[in-house]
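A.B. asks: Take a look at this one; I'll ask things after.
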Amino acid sequence: MAAQLRPPQRDEMTVHFAPTDRGAGADLTRFPWLRKLLKSRTFQFAFILPNQIIFWIVIVAGLLGANVPTRNFATVITWYIWFCAVFLLMVGIGRGWCLMCPFGGFAEWVQRLTFSSRRFTSVTLGKRWPEKLSRYGLLPSVGVFIVLTYFEEFFNIAGPGVPKYTSFLVLGVISLALLFFLVFERRTFCRYICPLSALIGTVGATGMVAGFRTKDRNVCLSCQTKDCMRGSENGYPCPWYEWPGSASSNLACGLCSECFKSCPNDNIGLFVQPPLTSVIAPRARRYDIALGVLLLFGLVLFQQVNALPVYGTIDNWLNSVMHFPGYPNPIDYLAIIALFAAAFSGAMWAIGRAFAKDGRTRNFKTWLKPLAYAMIPLVAADFLARQLPRFFDHMLRIVPSISNPFAWNWNVFGTAGSLLYGVHLLTQNGVVAAQLAVIAIGGLGSLYSLHRITRLDLSSLTNRPVLMEIASIALMVLTTLGTGWLYVAMAGAQ
Ligand code: SF4
Ligand code: SF4
Ligand code: SF4
């Protein structure tokens, strides 16, 4: 079962030298202490290990701990804290979570049969992800996330509901990851399938870490070894199939630092950038990302609409007609997500039709891609705002649950009976105000991105750039106001 890691193919290498960079910022590897840290083979291991320990405690606590979800360590840390923290990480750092993720981390340990050292054989069948499927980019990840969220809603896992369901969910994701790591080479799972990958990749575009990139592409052009992609005795070939010289966004750099360890020419840096650069700067915008953004937006909007009374009426009616056991009916779940995504695509198509200067520039994708990218900050804000009620209402429940994670009458930190259990950090009105503030920031981020993207990508496609920008701004403002209104309506419906 041991298989050699496959070196990159020639066509993979040539396409990467497109002039794509419009925004890599400052190189952090100028700091000697950071260089030393990144060169260390235990760099990623040190980030993964603490999360790995918590992750297995979560599984055991969910299965064996208190049956009351608000007192169970697994449900409390996963749904009141982790889910919110992951969104903050995405918005701030991009794929910062992927650096320390226990899902990919665990499966990669098994695949490489080591925690951190460089080995030249791996336990995998070494299959390549089919070319036909790779054309869909991150859309399978979007699909898996939508399916997983359906099960989460159906079983009320994040409610939080029965704690063992949280363990089953986590075990399900790790099993899927392990299966993919054992069948496919490198991090095929992360690149295409992981339910969080599309979300992190898109929302993370707002983040300030540009990822590992080449310092000077001319050095790469004359480089004979291409160790960053082929690997060397110092580092693995890029597990994410990225070429650091071609990255125009932080979309697919898992921050593992293997290329930094491998490059014999010291031509890799870790770059930071102003927020939103990876939204605004990419030249080669991806259709799968644009569609993924709109579908993910549809998903989070579904999770807002489902709190309104009108949704309950429709869902109950559909369930009775179909004899379906309970909320949410899969038809209305998928239909609402698709309707939102179709409505946004339709509006972007209409802008293209109205303002394109000729038939050549009227192409649907030409307009959809930049306009959907401009929506990323608002989508990021909406996912974050959606997590705030659980965080502000219940995050302090971690204080008692951490002392007695398995309901074995422990009191590890002396906080098992803490009165903080019932303390809310904000009132209901305070939470709604915080949500509206987050949506406003996201909306402003989208408007700023739109303004920059219009100048970079759209103004050359039209003879009426001012009117086109006004129409695009109107779309963004209406979407922001509608998203904010949904939070007010959700609070009113409670
Ligand atoms: S893509 Fe998914 S499995 Fe891979 S590191 Fe990121 S969150 Fe973890
Ligand atoms: S090994 Fe270094 S110099 Fe060679 S292609 Fe990769 S980043 Fe460029
Ligand atoms: S090898 Fe380099 S480019 Fe590839 S994921 Fe790791 S840090 Fe990013």
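By convention in this document, the chains of the structure tokens carry letters A, B, ... by their order, each chain's residues are numbered from 1, and ligands are numbered from 1 in the order they are shown.
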Residues contacting ligand 1 - anything with an atom at most 8 Å away, using only C-alpha atoms and all ligand atoms - can you give me those as a list in words?

C.D. replies: Arg95, Trp97, Cys98, Leu99, Met100, Cys101, Pro102, Phe103, Gly104, Gly105, Ala177, Arg187, Phe189, Cys190, Arg191, Ile193, Cys194, Pro195, Leu196, Ser197, Ala198, Ile200 and Gly254 of chain A

A.B. asks: As a PyMOL selection string, please: every protein or nucleic acid residue near ligand 3 (cut-off 9 Å, counting only C-alpha atoms and all ligand atoms).

C.D. replies: chain A and resi 99+211-213+228-229+231+235-245+247+250+252-262+268+270

A.B. asks: Give me, as a list in words, all polymer residues having an atom no more than 10 Å from stretch 358-365 of chain A, counting only C-alpha atoms and skipping those fewer than 3 positions away in the same chain.

C.D. replies: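 Close residues of stretch 358-365 of chain A: Arg285, Arg286, Tyr287, Ala290, Leu291, Ser345, Gly346, Met348, Trp349, Ala350, Ile351, Gly352, Arg353, Ala354, Phe355, Leu368, Lys369, Pro370, Leu371, Leu458, Ser460, Leu461, Thr462 and Asn463 of chain A.
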
A.B. asks: Among the residues of stretch 202-368 of chain A, find those DSSP assigns to helix (DSSP H, G or I) from the backbone and print them as an MDAnalysis selection string.

C.D. replies: chainID A and resid 202:206 217:221 227:230 258:262 277:280 287:305 309:322 330:355 359:361 364:368

A.B. asks: Return as an NGL selection string the residues of protein, DNA or RNA that approach ligand 2 to within 6 Å, with only C-alpha atoms and all ligand atoms taken into account.

C.D. replies: :A and (214 or 219-220 or 223 or 225-228 or 263-265 or 267-268)

A.B. asks: Could you pull out the residues in stretch 255-434 of chain A that DSSP calls strand (DSSP E or B) from the backbone, as a list in words?

C.D. replies: Ile268, Gly269, Leu270, Phe271, Val272 and Ala356 of chain A

A.B. asks: Given the choices A:Ile54, A:Leu171, A:Ile336, A:Ala347, which gets closest to A:Ala74 if the distance is worked out from only C-alpha atoms?

C.D. replies: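 Using only C-alpha atoms, the shortest distance to A:Ala74 belongs to A:Ile54.
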
A.B. asks: With a distance cut-off of 8 Å and only C-alpha atoms, select the neighbouring residues of stretch 472-477 of chain A, excluding the residue or stretch itself and same-chain residues fewer than 2 positions from it, and output the selection as a ChimeraX atom specification.

C.D. replies: /A:347,351,371,375,443,446-447,450,468-470,479-481

A.B. asks: For a quick check of understanding, using only C-alpha atoms, which of A:Leu125, A:Gly65, A:Phe180, A:Val60 has the smallest distance to A:Glu108?

C.D. replies: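 Of A:Leu125, A:Gly65, A:Phe180, A:Val60, the one nearest A:Glu108, counting only C-alpha atoms, is A:Phe180.
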
A.B. asks: I'd like the interatomic distance between atom CA of A:Val379 and atom CA of A:Val293, to a tenth of an Å.

C.D. replies: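 The value is 7.4 Å.
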
A.B. asks: Rank nothing, just name the residue among A:Ile146, A:Ala440, A:Met395, A:Leu425 nearest to A:Gln303, using only C-alpha atoms.

C.D. replies: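 Of A:Ile146, A:Ala440, A:Met395, A:Leu425, the one nearest A:Gln303 is A:Ile146, counting only C-alpha atoms.
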
A.B. asks: Go through A:Arg112, A:Arg217, A:His394, A:Arg186 one by one, measure the shortest atom-to-atom distance of each to A:Gly126 using only C-alpha atoms, and give the residue with the smallest value.

C.D. replies: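 So, comparing all the options, the nearest one is A:Arg186.
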
A.B. asks: Which residues, written as a PyMOL selection string, have at least one atom at most 10 Å from A:Thr427, with only C-alpha atoms counted and residues fewer than 6 positions away on the same chain left out?

C.D. replies: chain A and resi 389+392-393+433

A.B. asks: Find the spatial neighbours of A:Gly417, counting only C-alpha atoms, within a cut-off of 10 Å - ignore same-chain residues fewer than 5 positions away - and output them as a PyMOL selection string.

C.D. replies: chain A and resi 399-401+403-404+411

A.B. asks: For the residues selected in the previous step, produce a file with C-alpha atoms as a CSV table (one decimal), in the first residue's frame.

C.D. replies:
```csv
chain,number,residue,atom,x,y,z
A,399,VAL,CA,-16.4,27.5,32.4
A,400,PRO,CA,-18.4,24.7,34.3
A,401,SER,CA,-18.2,22.1,31.5
A,403,SER,CA,-14.1,21.1,34.8
A,404,ASN,CA,-16.2,18.1,34.3
A,411,ASN,CA,-13.9,19.3,39.2
```

A.B. asks: Could you check which of A:Ala374, A:Leu295, A:Leu276, A:Ile77 is closest to A:Leu138, using only C-alpha atoms?

C.D. replies: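 Counting only C-alpha atoms, the residue closest to A:Leu138 is A:Leu295.
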
A.B. asks: For atom CA of A:Gly492 and atom CA of A:Ile337, determine how far apart the two atoms are, in Å to one decimal place.

C.D. replies: 22.7 Å
